[in-house]
file start.cif (mmCIF, C-alpha atoms and all ligand atoms)
data_work
#
loop_
_atom_site.label_atom_id
_atom_site.label_comp_id
_atom_site.auth_asym_id
_atom_site.auth_seq_id
_atom_site.Cartn_x
_atom_site.Cartn_y
_atom_site.Cartn_z
CA MET A 1 0.00 0.00 0.00
CA SER A 2 1.38 3.36 -0.85
CA CYS A 3 0.17 6.85 -1.22
CA ASP A 4 1.58 9.74 -3.22
CA TYR A 5 2.03 12.17 -0.37
CA GLU A 6 3.36 14.91 -2.59
CA ALA A 7 0.14 14.77 -4.60
CA LEU A 8 -1.73 14.92 -1.31
CA ALA A 9 0.01 18.13 -0.25
CA ALA A 10 -1.76 21.45 -0.60
CA ARG A 11 -1.45 22.74 -4.15
CA GLY A 12 0.95 25.56 -3.28
CA VAL A 13 3.17 23.23 -1.27
CA GLN A 14 3.58 20.69 -4.09
CA GLY A 15 5.87 22.85 -6.22
CA LEU A 16 7.70 24.45 -3.33
CA SER A 17 11.51 24.36 -3.16
CA PRO A 18 12.77 24.64 0.40
CA TYR A 19 14.79 27.67 1.52
CA GLN A 20 18.53 27.03 1.01
CA PRO A 21 20.42 28.26 4.05
CA GLY A 22 24.15 28.92 4.24
CA LYS A 23 26.03 25.71 4.97
CA PRO A 24 26.94 25.22 8.64
CA ILE A 25 30.69 24.91 9.35
CA GLU A 26 30.26 21.40 10.81
CA GLU A 27 28.57 20.17 7.66
CA VAL A 28 31.30 21.49 5.37
CA ALA A 29 33.93 20.03 7.70
CA ARG A 30 32.31 16.59 7.36
CA GLU A 31 31.89 16.85 3.59
CA ILE A 32 35.33 18.22 2.71
CA GLY A 33 37.27 16.54 5.51
CA LEU A 34 38.64 19.81 6.91
CA ASP A 35 39.16 20.78 10.54
CA PRO A 36 36.17 22.96 11.54
CA ALA A 37 38.65 25.34 13.20
CA ASN A 38 40.10 26.07 9.76
CA ILE A 39 36.79 26.94 8.15
CA ILE A 40 35.27 30.39 8.03
CA LYS A 41 31.62 31.04 7.32
CA LEU A 42 30.64 34.21 5.50
CA ALA A 43 27.39 32.78 4.26
CA SER A 44 24.49 33.88 6.46
CA ASN A 45 25.04 37.58 7.24
CA GLU A 46 25.78 36.83 10.86
CA ASN A 47 27.59 39.25 13.14
CA PRO A 48 31.28 38.22 13.09
CA LEU A 49 31.94 39.62 16.60
CA GLY A 50 30.34 36.71 18.42
CA PRO A 51 27.64 37.34 21.00
CA SER A 52 27.41 40.36 23.29
CA GLU A 53 28.69 39.63 26.82
CA GLN A 54 25.58 41.28 28.22
CA ALA A 55 23.38 38.95 26.20
CA LEU A 56 25.35 35.93 27.41
CA ALA A 57 25.05 37.04 31.03
CA ALA A 58 21.29 37.40 30.64
CA ILE A 59 21.07 33.90 29.16
CA ARG A 60 23.01 32.45 32.10
CA GLU A 61 20.72 34.20 34.52
CA ALA A 62 17.60 32.99 32.71
CA PHE A 63 18.72 29.33 32.52
CA PRO A 64 16.64 28.06 35.45
CA GLU A 65 13.50 29.49 33.82
CA VAL A 66 13.68 26.99 30.96
CA THR A 67 11.51 24.58 32.89
CA ARG A 68 8.57 26.96 32.43
CA TYR A 69 6.88 28.16 29.27
CA PRO A 70 8.05 31.60 28.23
CA ASP A 71 5.88 34.67 28.70
CA GLY A 72 3.90 34.31 25.50
CA ASN A 73 3.32 38.03 25.47
CA GLY A 74 7.03 38.85 25.90
CA PHE A 75 6.26 41.60 28.41
CA HIS A 76 9.80 42.78 29.23
CA LEU A 77 11.16 42.61 25.71
CA LYS A 78 8.15 44.39 24.28
CA GLN A 79 8.35 47.05 26.94
CA LYS A 80 11.97 47.77 26.19
CA LEU A 81 11.37 47.80 22.43
CA ALA A 82 8.35 50.06 22.82
CA GLU A 83 10.41 52.50 24.85
CA ARG A 84 13.24 52.59 22.32
CA LEU A 85 10.95 52.88 19.33
CA GLY A 86 8.51 55.34 20.84
CA VAL A 87 5.46 53.16 20.16
CA GLY A 88 2.98 51.36 22.41
CA SER A 89 3.60 47.73 23.38
CA ASP A 90 0.35 46.92 21.61
CA CYS A 91 2.04 47.84 18.29
CA LEU A 92 4.51 44.96 18.58
CA THR A 93 4.39 41.35 17.43
CA LEU A 94 7.26 39.08 18.44
CA GLY A 95 8.48 36.38 16.09
CA ASN A 96 10.70 33.32 16.06
CA GLY A 97 13.07 35.39 13.99
CA SER A 98 11.55 38.02 11.74
CA ASN A 99 10.98 35.28 9.16
CA ASP A 100 8.23 34.16 11.46
CA VAL A 101 6.67 37.63 11.39
CA LEU A 102 6.82 37.69 7.57
CA GLU A 103 5.05 34.34 7.40
CA ILE A 104 2.44 35.33 9.98
CA VAL A 105 1.59 38.46 7.97
CA ALA A 106 1.15 36.46 4.78
CA ARG A 107 -1.03 33.89 6.55
CA ALA A 108 -3.12 36.55 8.22
CA PHE A 109 -3.87 38.57 5.09
CA ALA A 110 -3.35 36.50 1.94
CA GLU A 111 -5.22 33.43 0.70
CA PRO A 112 -5.82 31.63 -2.60
CA GLY A 113 -7.11 34.08 -5.18
CA THR A 114 -5.21 37.03 -3.72
CA GLU A 115 -1.85 38.44 -4.80
CA VAL A 116 1.37 39.20 -3.00
CA VAL A 117 3.85 41.60 -4.64
CA TYR A 118 7.63 41.46 -4.22
CA SER A 119 10.73 42.28 -6.24
CA GLU A 120 12.97 40.20 -8.44
CA HIS A 121 16.21 39.27 -6.57
CA ALA A 122 14.42 39.90 -3.26
CA PHE A 123 14.52 37.87 -0.06
CA ALA A 124 13.53 34.24 -0.77
CA ILE A 125 11.05 33.95 2.07
CA TYR A 126 8.49 36.18 0.30
CA PRO A 127 7.77 33.81 -2.61
CA ILE A 128 7.99 30.78 -0.32
CA VAL A 129 5.35 31.94 2.16
CA THR A 130 3.16 33.24 -0.66
CA GLN A 131 3.20 29.96 -2.53
CA ALA A 132 2.78 27.88 0.62
CA ILE A 133 -0.56 29.50 1.41
CA GLY A 134 -1.74 29.21 -2.19
CA ALA A 135 -1.74 32.94 -2.94
CA THR A 136 -0.37 34.27 -6.23
CA GLY A 137 3.10 35.81 -6.20
CA VAL A 138 3.71 38.81 -8.43
CA GLN A 139 7.42 39.33 -8.99
CA VAL A 140 8.34 42.80 -10.24
CA PRO A 141 11.55 43.17 -12.32
CA ALA A 142 14.44 44.84 -10.45
CA VAL A 143 16.39 47.93 -11.54
CA ASP A 144 20.15 47.88 -10.96
CA TRP A 145 19.61 44.75 -8.84
CA GLY A 146 17.36 46.70 -6.44
CA HIS A 147 13.65 47.29 -5.88
CA ASP A 148 11.79 49.33 -8.50
CA LEU A 149 9.20 50.83 -6.15
CA TYR A 150 7.41 52.68 -8.97
CA ALA A 151 6.84 49.42 -10.81
CA MET A 152 5.91 47.66 -7.58
CA ALA A 153 3.23 50.25 -6.83
CA ASP A 154 2.01 49.84 -10.42
CA ALA A 155 1.76 46.07 -9.86
CA VAL A 156 -0.81 46.50 -7.09
CA THR A 157 -4.31 45.46 -8.17
CA GLU A 158 -7.61 45.01 -6.37
CA ARG A 159 -6.48 41.44 -5.64
CA THR A 160 -3.25 42.53 -3.87
CA ARG A 161 -3.22 41.97 -0.13
CA VAL A 162 0.47 42.26 0.78
CA VAL A 163 3.56 43.97 -0.67
CA PHE A 164 6.97 42.95 0.67
CA VAL A 165 9.82 45.47 0.45
CA ALA A 166 13.26 44.48 1.77
CA ASN A 167 15.13 47.66 2.59
CA PRO A 168 18.04 47.05 2.37
CA ASN A 169 17.47 44.00 0.22
CA ASN A 170 19.05 40.60 0.70
CA PRO A 171 20.96 39.21 -1.28
CA THR A 172 21.87 42.40 -3.17
CA GLY A 173 22.45 44.92 -0.34
CA THR A 174 20.64 47.60 -2.34
CA VAL A 175 18.57 50.24 -0.58
CA VAL A 176 15.83 52.66 -1.54
CA GLU A 177 16.33 56.03 0.12
CA LYS A 178 13.79 57.74 2.32
CA GLU A 179 12.08 59.90 -0.30
CA GLY A 180 11.54 56.97 -2.62
CA VAL A 181 10.02 54.81 0.12
CA TYR A 182 7.76 57.63 1.24
CA ARG A 183 6.46 58.27 -2.29
CA PHE A 184 5.85 54.54 -2.65
CA LEU A 185 3.87 54.35 0.60
CA LYS A 186 1.76 57.30 -0.54
CA ARG A 187 0.78 55.38 -3.66
CA ILE A 188 -0.31 52.15 -1.95
CA PRO A 189 -4.01 51.93 -1.08
CA GLU A 190 -4.89 51.64 2.59
CA ASN A 191 -6.36 48.16 2.12
CA VAL A 192 -3.04 46.71 0.98
CA ILE A 193 -0.56 45.70 3.69
CA VAL A 194 2.99 46.96 3.13
CA VAL A 195 5.75 45.06 4.92
CA LEU A 196 8.97 47.06 5.17
CA ASP A 197 11.53 44.40 6.03
CA GLU A 198 14.30 46.29 7.83
CA ALA A 199 16.48 43.35 8.90
CA TYR A 200 19.66 45.40 8.35
CA CYS A 201 18.45 48.83 9.48
CA GLU A 202 21.01 49.14 12.30
CA TYR A 203 23.78 49.37 9.69
CA LEU A 204 22.19 52.36 7.97
CA GLN A 205 23.71 55.50 9.39
CA GLY A 206 22.54 58.67 7.75
CA PRO A 207 19.55 60.95 7.25
CA GLU A 208 19.01 59.73 3.68
CA TYR A 209 17.81 56.36 4.94
CA ALA A 210 14.26 55.50 5.85
CA ASP A 211 13.23 54.44 9.31
CA GLY A 212 9.82 52.92 8.68
CA VAL A 213 8.69 53.43 12.28
CA GLN A 214 8.37 57.19 11.72
CA TRP A 215 5.59 56.57 9.19
CA LEU A 216 3.42 54.19 11.21
CA SER A 217 0.95 56.88 12.24
CA GLU A 218 0.63 58.19 8.68
CA PHE A 219 0.24 54.76 7.06
CA PRO A 220 -1.98 52.42 9.09
CA ASN A 221 -1.38 49.65 6.52
CA LEU A 222 2.37 49.58 7.26
CA ILE A 223 4.21 46.80 9.09
CA VAL A 224 7.93 47.22 9.80
CA SER A 225 9.83 44.02 10.57
CA ARG A 226 13.17 43.87 12.35
CA THR A 227 15.40 41.24 13.86
CA PHE A 228 18.01 40.42 16.48
CA SER A 229 19.73 38.06 14.01
CA LYS A 230 21.98 40.47 12.18
CA ALA A 231 23.61 43.51 13.84
CA TRP A 232 22.54 42.34 17.31
CA GLY A 233 24.34 39.03 16.85
CA LEU A 234 21.65 36.61 18.07
CA SER A 235 20.79 34.60 14.92
CA GLY A 236 20.82 31.31 16.80
CA LEU A 237 18.22 32.40 19.32
CA ARG A 238 15.57 33.35 16.77
CA VAL A 239 13.96 36.64 17.75
CA GLY A 240 12.44 39.25 15.49
CA TYR A 241 9.47 41.57 15.69
CA GLY A 242 6.89 43.46 13.73
CA ILE A 243 5.86 47.05 14.44
CA SER A 244 2.46 48.17 13.20
CA SER A 245 -0.79 49.81 14.19
CA PRO A 246 -2.42 48.11 17.20
CA GLU A 247 -5.24 46.95 14.88
CA ILE A 248 -2.88 45.07 12.59
CA ALA A 249 -0.88 43.77 15.56
CA ASP A 250 -4.12 42.37 16.97
CA VAL A 251 -4.86 40.52 13.72
CA ILE A 252 -1.40 39.05 13.23
CA ASN A 253 -1.07 38.07 16.88
CA ARG A 254 -4.09 35.78 16.36
CA VAL A 255 -2.07 33.73 13.88
CA ARG A 256 1.11 33.73 15.96
CA GLN A 257 2.04 30.59 17.86
CA PRO A 258 1.53 31.42 21.52
CA PHE A 259 5.11 30.66 22.61
CA ASN A 260 7.08 31.54 19.49
CA THR A 261 9.95 33.24 21.33
CA GLY A 262 11.72 31.22 24.03
CA VAL A 263 12.81 32.13 27.54
CA LEU A 264 16.49 32.50 26.64
CA ALA A 265 15.74 34.40 23.44
CA GLN A 266 13.58 36.95 25.23
CA ALA A 267 16.14 37.42 28.01
CA ALA A 268 19.08 37.88 25.63
CA ALA A 269 17.23 40.21 23.29
CA THR A 270 16.05 42.37 26.18
CA ALA A 271 19.60 42.62 27.55
CA VAL A 272 21.40 43.21 24.26
CA LEU A 273 19.34 46.32 23.58
CA ASP A 274 21.32 47.99 26.39
CA ASP A 275 24.68 46.97 24.93
CA HIS A 276 25.28 50.10 22.90
CA ALA A 277 29.02 49.49 22.73
CA TYR A 278 28.43 46.12 21.07
CA LEU A 279 26.21 47.59 18.40
CA GLU A 280 28.64 50.42 17.71
CA ARG A 281 31.49 47.99 17.33
CA ALA A 282 29.38 45.85 14.98
CA ILE A 283 28.59 48.87 12.82
CA GLU A 284 32.22 49.97 12.68
CA VAL A 285 33.58 46.48 11.90
CA ASN A 286 30.97 46.21 9.18
CA ARG A 287 31.76 49.59 7.68
CA ALA A 288 35.44 48.74 7.45
CA GLY A 289 34.74 45.20 6.20
CA LEU A 290 32.39 46.36 3.44
CA GLU A 291 35.11 48.65 2.18
CA GLN A 292 37.72 45.89 2.42
CA LEU A 293 35.60 43.45 0.42
CA ARG A 294 34.55 46.02 -2.15
CA ASP A 295 38.15 47.15 -2.73
CA GLY A 296 39.52 43.61 -2.64
CA PHE A 297 37.05 42.24 -5.16
CA GLY A 298 37.63 45.34 -7.28
CA ARG A 299 41.35 44.59 -7.37
CA LEU A 300 40.50 41.10 -8.62
CA GLY A 301 38.52 42.76 -11.41
CA LEU A 302 35.16 41.63 -10.01
CA ASP A 303 32.04 43.80 -9.94
CA VAL A 304 30.26 44.17 -6.63
CA VAL A 305 26.67 45.36 -6.27
CA PRO A 306 26.83 48.56 -4.14
CA SER A 307 25.71 47.42 -0.67
CA VAL A 308 24.71 49.19 2.53
CA ALA A 309 24.11 45.95 4.45
CA ASN A 310 26.57 43.45 6.01
CA PHE A 311 27.27 41.49 2.82
CA VAL A 312 28.09 42.04 -0.82
CA ALA A 313 26.96 40.29 -3.97
CA VAL A 314 30.01 39.82 -6.18
CA ASP A 315 29.87 38.92 -9.87
CA THR A 316 32.30 36.05 -10.45
CA GLY A 317 31.85 36.27 -14.21
CA ARG A 318 31.15 32.53 -14.42
CA ASP A 319 28.94 29.84 -12.90
CA ALA A 320 29.09 30.84 -9.25
CA ASN A 321 28.34 27.31 -8.03
CA GLU A 322 31.74 26.15 -9.22
CA VAL A 323 33.47 29.07 -7.53
CA HIS A 324 31.47 28.35 -4.39
CA ASN A 325 32.58 24.73 -4.34
CA ALA A 326 36.21 25.67 -4.96
CA LEU A 327 36.09 28.24 -2.14
CA MET A 328 34.61 25.61 0.15
CA ARG A 329 37.61 23.36 -0.51
CA GLU A 330 39.72 26.32 0.66
CA GLY A 331 37.69 26.40 3.86
CA VAL A 332 35.66 29.49 2.97
CA ILE A 333 31.88 29.20 2.98
CA VAL A 334 29.95 31.85 1.05
CA ARG A 335 26.54 31.73 -0.61
CA PRO A 336 25.65 31.03 -4.22
CA ILE A 337 22.49 32.94 -5.13
CA GLY A 338 21.38 31.29 -8.36
CA ALA A 339 18.00 30.67 -6.72
CA TYR A 340 17.60 34.47 -6.58
CA GLY A 341 18.09 34.79 -10.34
CA MET A 342 21.80 35.65 -9.94
CA PRO A 343 23.68 32.57 -11.18
CA ARG A 344 27.06 34.30 -11.56
CA HIS A 345 27.02 36.09 -8.20
CA LEU A 346 28.13 34.97 -4.78
CA ARG A 347 26.90 36.65 -1.64
CA VAL A 348 29.73 37.21 0.82
CA SER A 349 28.92 38.31 4.38
CA VAL A 350 31.23 40.81 6.01
CA GLY A 351 33.50 39.06 8.49
CA LEU A 352 36.38 40.13 10.71
CA GLU A 353 39.31 41.77 8.93
CA SER A 354 41.25 38.48 8.87
CA GLU A 355 38.25 36.54 7.56
CA ASN A 356 37.63 39.01 4.77
CA ARG A 357 41.28 38.82 3.82
CA ARG A 358 41.16 35.05 3.79
CA CYS A 359 38.09 35.09 1.58
CA LEU A 360 39.74 37.51 -0.87
CA ASP A 361 42.93 35.43 -0.97
CA ALA A 362 40.94 32.25 -1.57
CA MET A 363 38.95 33.96 -4.31
CA GLU A 364 42.15 35.09 -6.02
CA LYS A 365 43.54 31.56 -5.86
CA VAL A 366 40.35 29.91 -7.06
CA LEU A 367 39.87 32.25 -10.00
CA SER A 368 43.46 32.08 -11.23
C1 LIG B 1 18.11 37.72 7.56
C2 LIG B 1 16.88 38.37 7.06
C3 LIG B 1 15.68 38.33 7.77
C4 LIG B 1 15.46 37.72 9.07
O1 LIG B 1 15.93 36.68 9.55
P1 LIG B 1 15.49 36.16 10.98
O2 LIG B 1 16.71 35.50 11.46
O3 LIG B 1 14.36 35.24 10.75
O4 LIG B 1 15.09 37.34 11.80
C5 LIG B 1 14.58 38.98 7.26
N1 LIG B 1 14.64 39.63 6.11
C6 LIG B 1 15.76 39.73 5.42
C7 LIG B 1 15.76 40.51 4.17
C8 LIG B 1 16.91 39.07 5.86
O5 LIG B 1 18.02 39.13 5.14
#

call {"tool": "encode", "arguments": {"input": "start.cif", "output": "structure tokens", "more": "lines below"}}
Ligand SMILES: *Cc1c(COP(=O)(O)O)cnc(C)c1O
result
Amino acid sequence: MSCDYEALAARGVQGLSPYQPGKPIEEVAREIGLDPANIIKLASNENPLGPSEQALAAIREAFPEVTRYPDGNGFHLKQKLAERLGVGSDCLTLGNGSNDVLEIVARAFAEPGTEVVYSEHAFAIYPIVTQAIGATGVQVPAVDWGHDLYAMADAVTERTRVVFVANPNNPTGTVVEKEGVYRFLKRIPENVIVVLDEAYCEYLQGPEYADGVQWLSEFPNLIVSRTFSKAWGLSGLRVGYGISSPEIADVINRVRQPFNTGVLAQAAATAVLDDHAYLERAIEVNRAGLEQLRDGFGRLGLDVVPSVANFVAVDTGRDANEVHNALMREGVIVRPIGAYGMPRHLRVSVGLESENRRCLDAMEKVLS
């Protein structure tokens, strides 16, 4: 007796390709037969500094609490976030990473027969969650590897429920400046949810960049999503959050799993928000590393997409999968992004100075 379980799956799920994460160091060590200590990973846009001491201390202190369910409402974390952001706690939705928030939004507002708009070369989670719920994805062609917000606003129809905008975008590192985002928001009807995914916002220093939170009162259809995974250095704990009107927060919190952020995650995230020195160091290391990678790849004659985030997409001029495999044999893990419509590019996360140098040296060797 046998059953075709793929045929049994929901229609949207049948054709779904799973998200391809960066390869963990342990896995590459097993596959290539290298010592894990000799492998560097610049493949998942993680903070190369390691965790904040203040976050670690908070985790140690919270250890005994793991026998209890977490506070499903995340009281302390929400309170601290609300204070910093200047919004009410009732505007916040916590997520198991901000990926969770993105999925919750799609599930709360889209359904079969409705459309979800996102850009070409944009973050892979948008098409995945859209397809999984059976809604129709509308992919808008990019300009200069980045979002074309004019065309995205034009793509909105009466069937559109959600528009995802990654600003800056992953895997390209491109950004739309404040004025452009504002004009875009003005053009989107109130009954269409706009998600401004600001996973890398902490790296954006300058008045030309948008901070979506400032527009929440003007645009009640806006949801800003942020995360502790990138600049805050807590990818492994899985904490992110959405900021929106209380009305939208109420709707999406109905879909949220009741205990989607754990005891240790809440404790660490709450504590790290006070570690200003850590964040400043992260921003500075990233600024210097971006420059190092951009210049280094330039010297190798490789084009890099101008990036404001903590990674660069570099054009290898050939099938990037082969370069990726060769780099892996040198103990350097980066990310091929063919699945994002960029088959010649590799995405390289900014590491420590020594890691960036090692990546550049390996690239030079592999390409020669
Ligand atoms: C990394 C990333 C996220 C969030 O990841 P989480 O770890 O789930 O918070 C969201 N959006 C973009 C564009 C990202 O690059």

call {"tool": "closest_residue", "arguments": {"input": "start.cif", "among": "A:Pro51, A:Gly95, A:Pro141, A:Gly33", "to": "Thr261 of chain A", "atoms": "all atoms listed in the file"}}
result
A:Gly95

call {"tool": "closest_residue", "arguments": {"input": "start.cif", "among": "A:Glu364, A:Asp275, A:Asp303, A:Asp90", "to": "Ala58 of chain A", "atoms": "all atoms listed in the file"}}
result
A:Asp275

call {"tool": "closest_residue", "arguments": {"input": "start.cif", "among": "A:Ala326, A:Thr270, A:Ser354, A:Arg347", "to": "Glu83 of chain A", "atoms": "all atoms listed in the file"}}
result
A:Thr270

call {"tool": "residues_near_ligand", "arguments": {"input": "start.cif", "ligand": "ligand LIG 1 (chain B)", "cutoff": "6 Å", "atoms": "only C-alpha atoms and all ligand atoms", "output": "number ranges by chain"}}
result
A: 97-99, 123, 166, 169-170, 197, 199, 227, 229, 235, 238, 240

call {"tool": "atom_distance", "arguments": {"input": "start.cif", "atom1": "atom CA of Arg254 of chain A", "atom2": "atom CA of Pro112 of chain A"}}
result
19.5 Å

call {"tool": "closest_residue", "arguments": {"input": "start.cif", "among": "A:Arg357, A:Ala122, A:Glu330, A:Glu177", "to": "Asp35 of chain A", "atoms": "only C-alpha atoms"}}
result
A:Glu330

call {"tool": "residues_near_point", "arguments": {"input": "start.cif", "point": "(8.0, 33.6, 24.4)", "cutoff": "6 Å", "atoms": "only C-alpha atoms", "output": "PyMOL selection string"}}
result
chain A and resi 70-72+74+259-263

call {"tool": "residues_around", "arguments": {"input": "start.cif", "residues": "Val304 of chain A", "least_positions_apart": "6", "cutoff": "8 Å", "atoms": "only C-alpha atoms", "output": "ChimeraX atom specification"}}
result
/A:294,297-298,312-315

call {"tool": "closest_residue", "arguments": {"input": "start.cif", "among": "A:Gly86, A:Pro246, A:Tyr340, A:Arg30", "to": "Pro127 of chain A", "atoms": "only C-alpha atoms"}}
result
A:Tyr340

call {"tool": "residues_around", "arguments": {"input": "start.cif", "residues": "Glu115 of chain A", "least_positions_apart": "2", "cutoff": "7 Å", "atoms": "only C-alpha atoms", "output": "MDAnalysis selection string"}}
result
chainID A and resid 113 117 135:138 159:161

call {"tool": "write_last_selection", "arguments": {"input": "start.cif", "atoms": "C-alpha atoms", "output": "CSV table (one decimal), in the frame of the given file"}}
result
chain,number,residue,atom,x,y,z
A,113,GLY,CA,-7.1,34.1,-5.2
A,117,VAL,CA,3.8,41.6,-4.6
A,135,ALA,CA,-1.7,32.9,-2.9
A,136,THR,CA,-0.4,34.3,-6.2
A,137,GLY,CA,3.1,35.8,-6.2
A,138,VAL,CA,3.7,38.8,-8.4
A,159,ARG,CA,-6.5,41.4,-5.6
A,160,THR,CA,-3.2,42.5,-3.9
A,161,ARG,CA,-3.2,42.0,-0.1

call {"tool": "residues_around", "arguments": {"input": "start.cif", "residues": "Ile40 of chain A", "least_positions_apart": "6", "cutoff": "12 Å", "atoms": "only C-alpha atoms", "output": "number ranges by chain"}}
result
A: 22-26, 28-29, 34, 46, 48, 327-334, 348-352, 354-359, 362

call {"tool": "residues_around", "arguments": {"input": "start.cif", "residues": "segment 3-15 of chain A", "least_positions_apart": "6", "cutoff": "10 Å", "atoms": "only C-alpha atoms", "output": "ChimeraX atom specification"}}
result
/A:112,128-136

call {"tool": "closest_residue", "arguments": {"input": "start.cif", "among": "A:Ala288, A:Leu42, A:Ala110, A:Leu222", "to": "Glu247 of chain A", "atoms": "all atoms listed in the file"}}
result
A:Leu222

call {"tool": "atom_distance", "arguments": {"input": "start.cif", "atom1": "atom CA of Val255 of chain A", "atom2": "atom CA of Leu85 of chain A"}}
result
23.8 Å

call {"tool": "atom_distance", "arguments": {"input": "start.cif", "atom1": "atom CA of His324 of chain A", "atom2": "atom CA of Pro168 of chain A"}}
result
24.0 Å

call {"tool": "residues_near_point", "arguments": {"input": "start.cif", "point": "(15.6, 45.0, -5.4)", "cutoff": "12 Å", "atoms": "all atoms listed in the file", "output": "number ranges by chain"}}
result
A: 118-124, 139-152, 164-176, 305-307, 340-341

call {"tool": "residues_around", "arguments": {"input": "start.cif", "residues": "Asn253 of chain A", "least_positions_apart": "2", "cutoff": "12 Å", "atoms": "only C-alpha atoms", "output": "compact mmCIF listing (two decimals) with C-alpha atoms, keeping the file's coordinate frame"}}
result
# COMPACT_ATOMS: atom_id res chain seq x y z
CA GLY A 72 3.90 34.31 25.50
CA ASN A 73 3.32 38.03 25.47
CA ASP A 90 0.35 46.92 21.61
CA CYS A 91 2.04 47.84 18.29
CA LEU A 92 4.51 44.96 18.58
CA THR A 93 4.39 41.35 17.43
CA LEU A 94 7.26 39.08 18.44
CA GLY A 95 8.48 36.38 16.09
CA ASP A 100 8.23 34.16 11.46
CA VAL A 101 6.67 37.63 11.39
CA GLU A 103 5.05 34.34 7.40
CA ILE A 104 2.44 35.33 9.98
CA VAL A 105 1.59 38.46 7.97
CA ARG A 107 -1.03 33.89 6.55
CA ALA A 108 -3.12 36.55 8.22
CA TYR A 241 9.47 41.57 15.69
CA GLY A 242 6.89 43.46 13.73
CA ILE A 243 5.86 47.05 14.44
CA SER A 244 2.46 48.17 13.20
CA PRO A 246 -2.42 48.11 17.20
CA GLU A 247 -5.24 46.95 14.88
CA ILE A 248 -2.88 45.07 12.59
CA ALA A 249 -0.88 43.77 15.56
CA ASP A 250 -4.12 42.37 16.97
CA VAL A 251 -4.86 40.52 13.72
CA VAL A 255 -2.07 33.73 13.88
CA ARG A 256 1.11 33.73 15.96
CA GLN A 257 2.04 30.59 17.86
CA PRO A 258 1.53 31.42 21.52
CA PHE A 259 5.11 30.66 22.61
CA ASN A 260 7.08 31.54 19.49

call {"tool": "build_atoms", "arguments": {"input": "start.cif", "residues": "segment 310-314 of chain A", "atoms": "all heavy atoms", "output": "PDB file, in the frame of the given file"}}
result
ATOM      1  N   ASN A 310      25.353  44.081   5.474  1.00  0.00           N
ATOM      2  CA  ASN A 310      26.570  43.450   6.010  1.00  0.00           C
ATOM      3  C   ASN A 310      27.022  42.292   5.113  1.00  0.00           C
ATOM      4  O   ASN A 310      27.484  41.263   5.584  1.00  0.00           O
ATOM      5  CB  ASN A 310      26.353  42.981   7.457  1.00  0.00           C
ATOM      6  CG  ASN A 310      25.353  41.845   7.553  1.00  0.00           C
ATOM      7  OD1 ASN A 310      24.599  41.584   6.618  1.00  0.00           O
ATOM      8  ND2 ASN A 310      25.342  41.166   8.679  1.00  0.00           N
ATOM      9  N   PHE A 311      26.865  42.497   3.811  1.00  0.00           N
ATOM     10  CA  PHE A 311      27.270  41.490   2.820  1.00  0.00           C
ATOM     11  C   PHE A 311      27.385  42.190   1.478  1.00  0.00           C
ATOM     12  O   PHE A 311      26.888  43.319   1.313  1.00  0.00           O
ATOM     13  CB  PHE A 311      26.222  40.371   2.730  1.00  0.00           C
ATOM     14  CG  PHE A 311      24.837  40.886   2.468  1.00  0.00           C
ATOM     15  CD1 PHE A 311      24.406  41.142   1.173  1.00  0.00           C
ATOM     16  CD2 PHE A 311      23.976  41.173   3.509  1.00  0.00           C
ATOM     17  CE1 PHE A 311      23.143  41.665   0.926  1.00  0.00           C
ATOM     18  CE2 PHE A 311      22.708  41.695   3.273  1.00  0.00           C
ATOM     19  CZ  PHE A 311      22.295  41.925   1.983  1.00  0.00           C
ATOM     20  N   VAL A 312      28.076  41.528   0.546  1.00  0.00           N
ATOM     21  CA  VAL A 312      28.090  42.040  -0.820  1.00  0.00           C
ATOM     22  C   VAL A 312      27.795  40.905  -1.789  1.00  0.00           C
ATOM     23  O   VAL A 312      28.149  39.749  -1.531  1.00  0.00           O
ATOM     24  CB  VAL A 312      29.452  42.660  -1.227  1.00  0.00           C
ATOM     25  CG1 VAL A 312      29.717  43.937  -0.443  1.00  0.00           C
ATOM     26  CG2 VAL A 312      30.589  41.674  -1.063  1.00  0.00           C
ATOM     27  N   ALA A 313      27.151  41.243  -2.890  1.00  0.00           N
ATOM     28  CA  ALA A 313      26.960  40.290  -3.970  1.00  0.00           C
ATOM     29  C   ALA A 313      28.033  40.591  -5.009  1.00  0.00           C
ATOM     30  O   ALA A 313      28.115  41.706  -5.532  1.00  0.00           O
ATOM     31  CB  ALA A 313      25.566  40.424  -4.576  1.00  0.00           C
ATOM     32  N   VAL A 314      28.885  39.606  -5.271  1.00  0.00           N
ATOM     33  CA  VAL A 314      30.010  39.820  -6.180  1.00  0.00           C
ATOM     34  C   VAL A 314      29.814  38.971  -7.432  1.00  0.00           C
ATOM     35  O   VAL A 314      29.436  37.794  -7.341  1.00  0.00           O
ATOM     36  CB  VAL A 314      31.347  39.512  -5.475  1.00  0.00           C
ATOM     37  CG1 VAL A 314      31.385  38.114  -4.878  1.00  0.00           C
ATOM     38  CG2 VAL A 314      32.531  39.702  -6.425  1.00  0.00           C
TER      39      VAL A 314
END
